[in-house]
>>> print(open('target-v9.pdb').read())   # PDB, C-alpha atoms and all ligand atoms
MODEL        1
ATOM      1  CA  MET A   1      69.603  97.912 130.564
ATOM      2  CA  PRO A   2      68.956  94.763 132.614
ATOM      3  CA  LYS A   3      71.662  92.118 132.784
ATOM      4  CA  ILE A   4      70.585  89.073 130.794
ATOM      5  CA  ILE A   5      71.088  85.615 132.263
ATOM      6  CA  GLY A   6      70.713  82.815 129.711
ATOM      7  CA  LEU A   7      68.775  79.930 131.266
ATOM      8  CA  THR A   8      69.179  76.619 129.496
ATOM      9  CA  GLY A   9      69.121  72.860 129.789
ATOM     10  CA  GLY A  10      68.265  69.866 127.639
ATOM     11  CA  ILE A  11      64.822  68.321 127.484
ATOM     12  CA  GLY A  12      63.526  67.307 130.917
ATOM     13  CA  SER A  13      66.379  69.000 132.785
ATOM     14  CA  GLY A  14      63.994  71.218 134.731
ATOM     15  CA  LYS A  15      64.705  74.586 133.086
ATOM     16  CA  THR A  16      61.026  75.538 132.861
ATOM     17  CA  THR A  17      60.562  74.608 136.523
ATOM     18  CA  VAL A  18      63.501  76.855 137.438
ATOM     19  CA  ALA A  19      62.086  79.625 135.231
ATOM     20  CA  LYS A  20      58.817  79.486 137.195
ATOM     21  CA  LEU A  21      60.717  79.607 140.513
ATOM     22  CA  LEU A  22      62.581  82.665 139.261
ATOM     23  CA  GLU A  23      59.323  84.337 138.243
ATOM     24  CA  GLU A  24      57.940  83.635 141.721
ATOM     25  CA  LYS A  25      60.953  85.468 143.090
ATOM     26  CA  GLY A  26      60.084  88.450 140.896
ATOM     27  CA  PHE A  27      62.571  87.990 138.046
ATOM     28  CA  PRO A  28      61.225  88.585 134.527
ATOM     29  CA  VAL A  29      61.650  85.536 132.279
ATOM     30  CA  TYR A  30      61.487  85.513 128.477
ATOM     31  CA  TYR A  31      60.501  82.085 127.164
ATOM     32  CA  SER A  32      62.294  82.005 123.804
ATOM     33  CA  ASP A  33      61.003  78.622 122.714
ATOM     34  CA  ASP A  34      57.386  79.576 123.418
ATOM     35  CA  GLU A  35      57.868  82.965 121.773
ATOM     36  CA  ALA A  36      59.326  81.265 118.688
ATOM     37  CA  LYS A  37      56.110  79.254 118.510
ATOM     38  CA  ASN A  38      53.953  82.397 118.791
ATOM     39  CA  ILE A  39      55.924  84.581 116.448
ATOM     40  CA  VAL A  40      55.267  82.434 113.365
ATOM     41  CA  ASN A  41      51.614  83.473 113.735
ATOM     42  CA  LYS A  42      52.134  87.076 114.882
ATOM     43  CA  ASP A  43      54.733  88.405 112.440
ATOM     44  CA  SER A  44      53.200  88.786 108.972
ATOM     45  CA  VAL A  45      56.513  89.418 107.178
ATOM     46  CA  LEU A  46      57.926  86.243 108.703
ATOM     47  CA  LYS A  47      54.772  84.395 107.671
ATOM     48  CA  GLU A  48      55.282  85.353 104.010
ATOM     49  CA  LYS A  49      58.902  84.226 104.130
ATOM     50  CA  ILE A  50      57.971  80.864 105.639
ATOM     51  CA  ILE A  51      55.365  80.318 102.924
ATOM     52  CA  GLY A  52      58.048  81.207 100.353
ATOM     53  CA  LEU A  53      60.292  78.518 101.799
ATOM     54  CA  LEU A  54      57.862  75.728 102.622
ATOM     55  CA  GLY A  55      54.797  76.431 100.501
ATOM     56  CA  SER A  56      51.310  77.659 101.335
ATOM     57  CA  GLU A  57      50.519  74.456 103.273
ATOM     58  CA  ALA A  58      52.772  75.831 106.029
ATOM     59  CA  TYR A  59      49.656  77.751 107.109
ATOM     60  CA  SER A  60      46.141  76.480 107.165
ATOM     61  CA  ASN A  61      43.438  79.151 107.470
ATOM     62  CA  GLY A  62      46.178  81.600 108.427
ATOM     63  CA  VAL A  63      47.421  79.486 111.328
ATOM     64  CA  TYR A  64      50.897  77.933 111.352
ATOM     65  CA  ASN A  65      50.570  74.256 110.526
ATOM     66  CA  ARG A  66      53.097  72.875 112.988
ATOM     67  CA  LYS A  67      52.517  69.261 112.059
ATOM     68  CA  TYR A  68      53.029  69.879 108.334
ATOM     69  CA  VAL A  69      56.173  71.927 108.944
ATOM     70  CA  ALA A  70      57.614  69.401 111.407
ATOM     71  CA  GLU A  71      57.123  66.571 108.941
ATOM     72  CA  LYS A  72      58.570  68.584 106.085
ATOM     73  CA  VAL A  73      61.736  69.748 107.859
ATOM     74  CA  PHE A  74      62.380  66.691 110.043
ATOM     75  CA  ASN A  75      65.814  65.307 109.153
ATOM     76  CA  ASN A  76      65.992  67.723 106.210
ATOM     77  CA  SER A  77      68.697  70.251 107.026
ATOM     78  CA  GLU A  78      68.256  71.944 103.632
ATOM     79  CA  LEU A  79      64.899  73.173 104.857
ATOM     80  CA  LEU A  80      65.405  73.194 108.628
ATOM     81  CA  GLU A  81      68.393  75.532 108.515
ATOM     82  CA  PRO A  82      66.787  78.213 106.343
ATOM     83  CA  LEU A  83      63.620  77.957 108.450
ATOM     84  CA  ASN A  84      65.645  78.570 111.599
ATOM     85  CA  HIS A  85      67.393  81.472 109.869
ATOM     86  CA  LEU A  86      63.995  83.059 109.373
ATOM     87  CA  ILE A  87      62.601  82.395 112.849
ATOM     88  CA  HIS A  88      65.644  83.103 115.039
ATOM     89  CA  PRO A  89      66.239  86.734 113.954
ATOM     90  CA  ALA A  90      62.526  87.462 114.433
ATOM     91  CA  VAL A  91      62.709  86.103 117.997
ATOM     92  CA  LYS A  92      65.888  88.106 118.595
ATOM     93  CA  ILE A  93      64.131  91.352 117.666
ATOM     94  CA  ASP A  94      61.131  90.461 119.837
ATOM     95  CA  PHE A  95      63.466  89.662 122.744
ATOM     96  CA  GLU A  96      65.336  92.958 122.388
ATOM     97  CA  LYS A  97      62.072  94.891 122.544
ATOM     98  CA  TRP A  98      61.078  92.907 125.633
ATOM     99  CA  VAL A  99      64.417  93.490 127.412
ATOM    100  CA  ASN A 100      64.229  97.215 126.796
ATOM    101  CA  SER A 101      60.855  97.348 128.518
ATOM    102  CA  GLN A 102      62.063  95.594 131.704
ATOM    103  CA  LYS A 103      62.983  97.499 134.844
ATOM    104  CA  SER A 104      64.625  94.659 136.797
ATOM    105  CA  GLU A 105      68.413  94.526 137.290
ATOM    106  CA  PHE A 106      68.474  90.907 136.061
ATOM    107  CA  VAL A 107      66.259  89.169 133.537
ATOM    108  CA  PHE A 108      66.359  85.542 132.425
ATOM    109  CA  LYS A 109      66.159  84.288 128.865
ATOM    110  CA  GLU A 110      65.004  80.684 128.779
ATOM    111  CA  THR A 111      66.088  78.784 125.699
ATOM    112  CA  ALA A 112      66.941  75.163 125.007
ATOM    113  CA  LEU A 113      69.496  76.194 122.380
ATOM    114  CA  LEU A 114      71.495  78.813 124.306
ATOM    115  CA  PHE A 115      74.896  77.244 123.594
ATOM    116  CA  GLU A 116      74.008  75.629 120.263
ATOM    117  CA  LEU A 117      73.068  79.047 118.843
ATOM    118  CA  LYS A 118      75.910  80.756 120.733
ATOM    119  CA  LEU A 119      73.350  83.017 122.390
ATOM    120  CA  HIS A 120      75.327  82.841 125.643
ATOM    121  CA  LEU A 121      77.781  85.248 123.991
ATOM    122  CA  GLN A 122      75.041  87.876 124.111
ATOM    123  CA  CYS A 123      74.267  87.213 127.783
ATOM    124  CA  TYR A 124      75.847  88.571 130.922
ATOM    125  CA  LYS A 125      75.935  85.079 132.471
ATOM    126  CA  SER A 126      74.574  81.626 131.689
ATOM    127  CA  LEU A 127      72.758  79.191 133.966
ATOM    128  CA  LEU A 128      72.602  75.521 132.980
ATOM    129  CA  ILE A 129      70.125  73.080 134.497
ATOM    130  CA  THR A 130      71.220  69.501 134.124
ATOM    131  CA  ALA A 131      70.289  66.079 135.470
ATOM    132  CA  ASP A 132      71.195  62.479 134.791
ATOM    133  CA  ASP A 133      69.848  61.194 131.472
ATOM    134  CA  ASN A 134      67.678  58.541 133.095
ATOM    135  CA  LEU A 135      65.934  61.083 135.295
ATOM    136  CA  ARG A 136      65.439  63.485 132.398
ATOM    137  CA  ILE A 137      63.949  60.701 130.313
ATOM    138  CA  LYS A 138      61.635  59.573 133.106
ATOM    139  CA  ARG A 139      60.446  63.129 133.875
ATOM    140  CA  THR A 140      59.843  63.886 130.214
ATOM    141  CA  MET A 141      57.945  60.613 129.707
ATOM    142  CA  ASP A 142      55.671  61.553 132.616
ATOM    143  CA  ARG A 143      55.197  65.102 131.332
ATOM    144  CA  ASP A 144      54.769  64.529 127.582
ATOM    145  CA  ASP A 145      53.443  61.024 127.241
ATOM    146  CA  LYS A 146      56.457  60.036 125.134
ATOM    147  CA  THR A 147      58.236  56.690 125.080
ATOM    148  CA  TYR A 148      61.708  56.071 126.511
ATOM    149  CA  ARG A 149      63.127  55.725 123.013
ATOM    150  CA  GLU A 150      61.502  58.927 121.749
ATOM    151  CA  VAL A 151      62.998  61.005 124.556
ATOM    152  CA  GLU A 152      66.348  59.270 124.213
ATOM    153  CA  ALA A 153      66.382  60.158 120.502
ATOM    154  CA  ILE A 154      65.757  63.839 121.313
ATOM    155  CA  ILE A 155      68.545  63.837 123.911
ATOM    156  CA  GLN A 156      70.953  62.294 121.416
ATOM    157  CA  LYS A 157      70.293  65.147 118.973
ATOM    158  CA  GLN A 158      71.073  67.800 121.595
ATOM    159  CA  MET A 159      74.526  69.081 122.563
ATOM    160  CA  PRO A 160      76.192  66.677 125.052
ATOM    161  CA  GLU A 161      75.863  67.745 128.684
ATOM    162  CA  LYS A 162      79.635  67.680 129.217
ATOM    163  CA  ASP A 163      80.073  70.355 126.525
ATOM    164  CA  LYS A 164      77.361  72.538 128.042
ATOM    165  CA  ILE A 165      78.876  72.158 131.518
ATOM    166  CA  LYS A 166      82.159  73.565 130.190
ATOM    167  CA  LEU A 167      80.410  76.652 128.820
ATOM    168  CA  ALA A 168      78.035  77.493 131.691
ATOM    169  CA  ASP A 169      78.761  80.110 134.372
ATOM    170  CA  TYR A 170      76.310  78.574 136.859
ATOM    171  CA  ILE A 171      75.152  74.949 136.950
ATOM    172  CA  ILE A 172      72.290  73.381 138.862
ATOM    173  CA  TYR A 173      72.330  69.584 139.119
ATOM    174  CA  ASN A 174      68.643  68.705 139.326
ATOM    175  CA  ASN A 175      69.026  65.109 140.511
ATOM    176  CA  SER A 176      66.981  65.385 143.671
ATOM    177  CA  ASP A 177      63.509  66.618 144.668
ATOM    178  CA  LEU A 178      61.794  69.908 143.901
ATOM    179  CA  GLU A 179      62.669  71.392 147.283
ATOM    180  CA  SER A 180      66.382  70.872 146.551
ATOM    181  CA  LEU A 181      65.874  72.527 143.175
ATOM    182  CA  ARG A 182      64.334  75.523 144.904
ATOM    183  CA  VAL A 183      67.279  75.761 147.324
ATOM    184  CA  ALA A 184      69.781  75.507 144.459
ATOM    185  CA  THR A 185      67.920  78.202 142.499
ATOM    186  CA  ASP A 186      67.982  80.529 145.524
ATOM    187  CA  ALA A 187      71.717  79.942 145.867
ATOM    188  CA  VAL A 188      72.357  81.001 142.258
ATOM    189  CA  VAL A 189      70.159  84.077 142.637
ATOM    190  CA  ASN A 190      72.076  85.073 145.755
ATOM    191  CA  GLU A 191      75.366  84.851 143.840
ATOM    192  CA  LEU A 192      74.254  87.145 141.033
ATOM    193  CA  ASN A 193      75.876  90.542 141.030
TER     194      ASN A 193
HETATM  195  P1  LIG B   1      62.450  71.274 130.725
HETATM  196  O1  LIG B   1      61.743  72.588 130.634
HETATM  197  O2  LIG B   1      63.922  71.419 130.926
HETATM  198  O3  LIG B   1      62.123  70.316 129.603
HETATM  199  P2  LIG B   1      60.713  70.839 133.031
HETATM  200  O4  LIG B   1      61.036  71.969 133.937
HETATM  201  O5  LIG B   1      59.441  70.895 132.262
HETATM  202  O6  LIG B   1      61.958  70.536 132.053
HETATM  203  O7  LIG B   1      60.771  69.497 133.901
HETATM  204  C1  LIG B   1      60.399  68.246 133.327
HETATM  205  C2  LIG B   1      59.379  67.567 134.212
HETATM  206  O8  LIG B   1      60.030  67.119 135.392
HETATM  207  C3  LIG B   1      58.245  68.477 134.670
HETATM  208  O9  LIG B   1      57.056  67.756 134.708
HETATM  209  C4  LIG B   1      58.691  68.905 136.079
HETATM  210  O10 LIG B   1      57.587  69.171 136.906
HETATM  211  C5  LIG B   1      59.450  67.685 136.558
HETATM  212  N1  LIG B   1      60.561  68.004 137.461
HETATM  213  C6  LIG B   1      61.557  68.883 137.260
HETATM  214  N2  LIG B   1      62.443  68.880 138.279
HETATM  215  C7  LIG B   1      62.000  67.936 139.153
HETATM  216  C8  LIG B   1      62.473  67.451 140.423
HETATM  217  N3  LIG B   1      63.587  67.914 140.978
HETATM  218  N4  LIG B   1      61.746  66.493 141.030
HETATM  219  C9  LIG B   1      60.622  66.012 140.456
HETATM  220  N5  LIG B   1      60.114  66.409 139.276
HETATM  221  C10 LIG B   1      60.793  67.369 138.616
ENDMDL
END
>>> encode(input="target-v9.pdb", output="C-alpha cells", more="lines below")
Ligand code: ADP
Amino acid sequence: MPKIIGLTGGIGSGKTTVAKLLEEKGFPVYYSDDEAKNIVNKDSVLKEKIIGLLGSEAYSNGVYNRKYVAEKVFNNSELLEPLNHLIHPAVKIDFEKWVNSQKSEFVFKETALLFELKLHLQCYKSLLITADDNLRIKRTMDRDDKTYREVEAIIQKQMPEKDKIKLADYIIYNNSDLESLRVATDAVVNELN
C-alpha cells in the first residue's frame, strides 16, 4: 500500500500548483475536489440519493445541475450537510480503489477540506500550502475572475490558517515566486520517508 500524503490549503494557496509539480516529479495525485464533481454524474446510486434529497431538478437531462444545487444548499446547512454525507463516502470509496491501484511508495491526496473533514487522520502525513491572505485573494481574483470581496468571503468560511498550521506535518509558505515554490516542494519531497 502506498503511503498517503494529504495535500491541502485554502483557496488560492497554491495547492493545485504544488500538485502539478508533484505529478511532474512522478508522484500520483488524486484530486478529491475534482473527483467529487465527477462522481455526482458517474455514480448512479449516488445520483438517486441526491434526487431524493434535493428533488429531480438536481439533474437536468441526466447531468448534475451544479447551479441549481449550489443555490439550493447555499447557507442552508439542513441540506448542505446531508448532501456532503452522500458525496463524501462515495469519494472515499473511489479514492480507496485508486490508492490500491497505485504502485508508487507515496501518493498525494489533494483536498481543500483535509483538516475540516479530519481526513488527515487517514493519511500518513499532511502537507499544507499557505500564503498571506492578500496574495491568496489577488491570485484567486486573477485565476477565477472573482471580486476581492467574493474571495474574502470564501476565505472567511474556511478553517483559519493558524489552526491548519498547528495540524500540518509539512508546511510550504507560498509567499514568493513560482521558482521558490518549486524549491520548497522539492525540499518536502526530499524529507519524505
Ligand atoms: P489553489 O488550488 O490552492 O486554489 P492554485 O494552485 O490554483 O491555488 O493557485 C492560485 C493561482 O495562483 C493560480 O493561478 C496559480 O498559477 C497562481 N500561483 C500559485 N502560486 C504562485 C506563486 N508562487 N507565484 C505566482 N502565482 C502563483
>>> resolve_selection(input="target-v9.pdb", expression="the PyMOL selection byres (((not hetatm)) within 9 of (chain B and resi 1))", output="JSON, numbers by chain")
{"A": [8, 9, 10, 11, 12, 13, 14, 15, 16, 17, 18, 19, 20, 110, 112, 129, 130, 131, 135, 136, 137, 138, 139, 140, 141, 142, 143, 144, 174, 175, 176, 177, 178, 179, 180, 181, 182]}
>>> resolve_selection(input="target-v9.pdb", expression="the PyMOL selection byres (((chain A and resi 186) around 12) and not hetatm)", output="ChimeraX atom specification")
/A:18-19,21-25,27,172,179-185,187-192
>>> resolve_selection(input="target-v9.pdb", expression="the PyMOL selection byres (((chain A and resi 81-91) around 7) and not hetatm)", output="VMD selection string")
chain A and resid 35 to 36 46 50 77 to 80 92 to 95
>>> residues_around(input="target-v9.pdb", residues="Leu54 (chain A)", least_positions_apart="2", cutoff="12 Å", atoms="all atoms listed in the file", output="NGL selection string")
:A and (47-52 or 56-59 or 64-66 or 68-73 or 76 or 78-80 or 82-83 or 86)
>>> decode(input="target-v9.pdb", residues="region 137-148 of chain A", atoms="N, CA and C atoms", output="mmCIF file, in the first residue's frame")
data_model
loop_
_atom_site.group_PDB
_atom_site.id
_atom_site.type_symbol
_atom_site.label_atom_id
_atom_site.label_comp_id
_atom_site.auth_asym_id
_atom_site.auth_seq_id
_atom_site.Cartn_x
_atom_site.Cartn_y
_atom_site.Cartn_z
ATOM 1 N N ILE A 137 -5.901 36.183 -2.160
ATOM 2 C CA ILE A 137 -7.045 36.870 -2.765
ATOM 3 C C ILE A 137 -6.670 37.356 -4.163
ATOM 4 N N LYS A 138 -5.501 37.968 -4.279
ATOM 5 C CA LYS A 138 -5.076 38.510 -5.568
ATOM 6 C C LYS A 138 -4.935 37.387 -6.603
ATOM 7 N N ARG A 139 -4.291 36.284 -6.212
ATOM 8 C CA ARG A 139 -4.096 35.167 -7.153
ATOM 9 C C ARG A 139 -5.420 34.549 -7.569
ATOM 10 N N THR A 140 -6.345 34.444 -6.622
ATOM 11 C CA THR A 140 -7.644 33.857 -6.958
ATOM 12 C C THR A 140 -8.455 34.796 -7.858
ATOM 13 N N MET A 141 -8.350 36.105 -7.592
ATOM 14 C CA MET A 141 -9.061 37.071 -8.450
ATOM 15 C C MET A 141 -8.563 36.954 -9.892
ATOM 16 N N ASP A 142 -7.240 36.818 -10.046
ATOM 17 C CA ASP A 142 -6.667 36.689 -11.389
ATOM 18 C C ASP A 142 -7.105 35.385 -12.052
ATOM 19 N N ARG A 143 -7.174 34.322 -11.246
ATOM 20 C CA ARG A 143 -7.491 32.999 -11.811
ATOM 21 C C ARG A 143 -8.977 32.856 -12.148
ATOM 22 N N ASP A 144 -9.846 33.310 -11.235
ATOM 23 C CA ASP A 144 -11.278 32.982 -11.329
ATOM 24 C C ASP A 144 -12.163 34.143 -11.742
ATOM 25 N N ASP A 145 -11.597 35.295 -11.944
ATOM 26 C CA ASP A 145 -12.434 36.432 -12.288
ATOM 27 C C ASP A 145 -13.478 36.713 -11.196
ATOM 28 N N LYS A 146 -13.019 36.658 -9.953
ATOM 29 C CA LYS A 146 -13.889 36.964 -8.810
ATOM 30 C C LYS A 146 -13.465 38.317 -8.224
ATOM 31 N N THR A 147 -14.369 38.927 -7.469
ATOM 32 C CA THR A 147 -14.013 40.193 -6.830
ATOM 33 C C THR A 147 -13.276 39.936 -5.513
ATOM 34 N N TYR A 148 -12.617 40.992 -5.024
ATOM 35 C CA TYR A 148 -11.907 40.910 -3.741
ATOM 36 C C TYR A 148 -12.849 40.400 -2.647
#
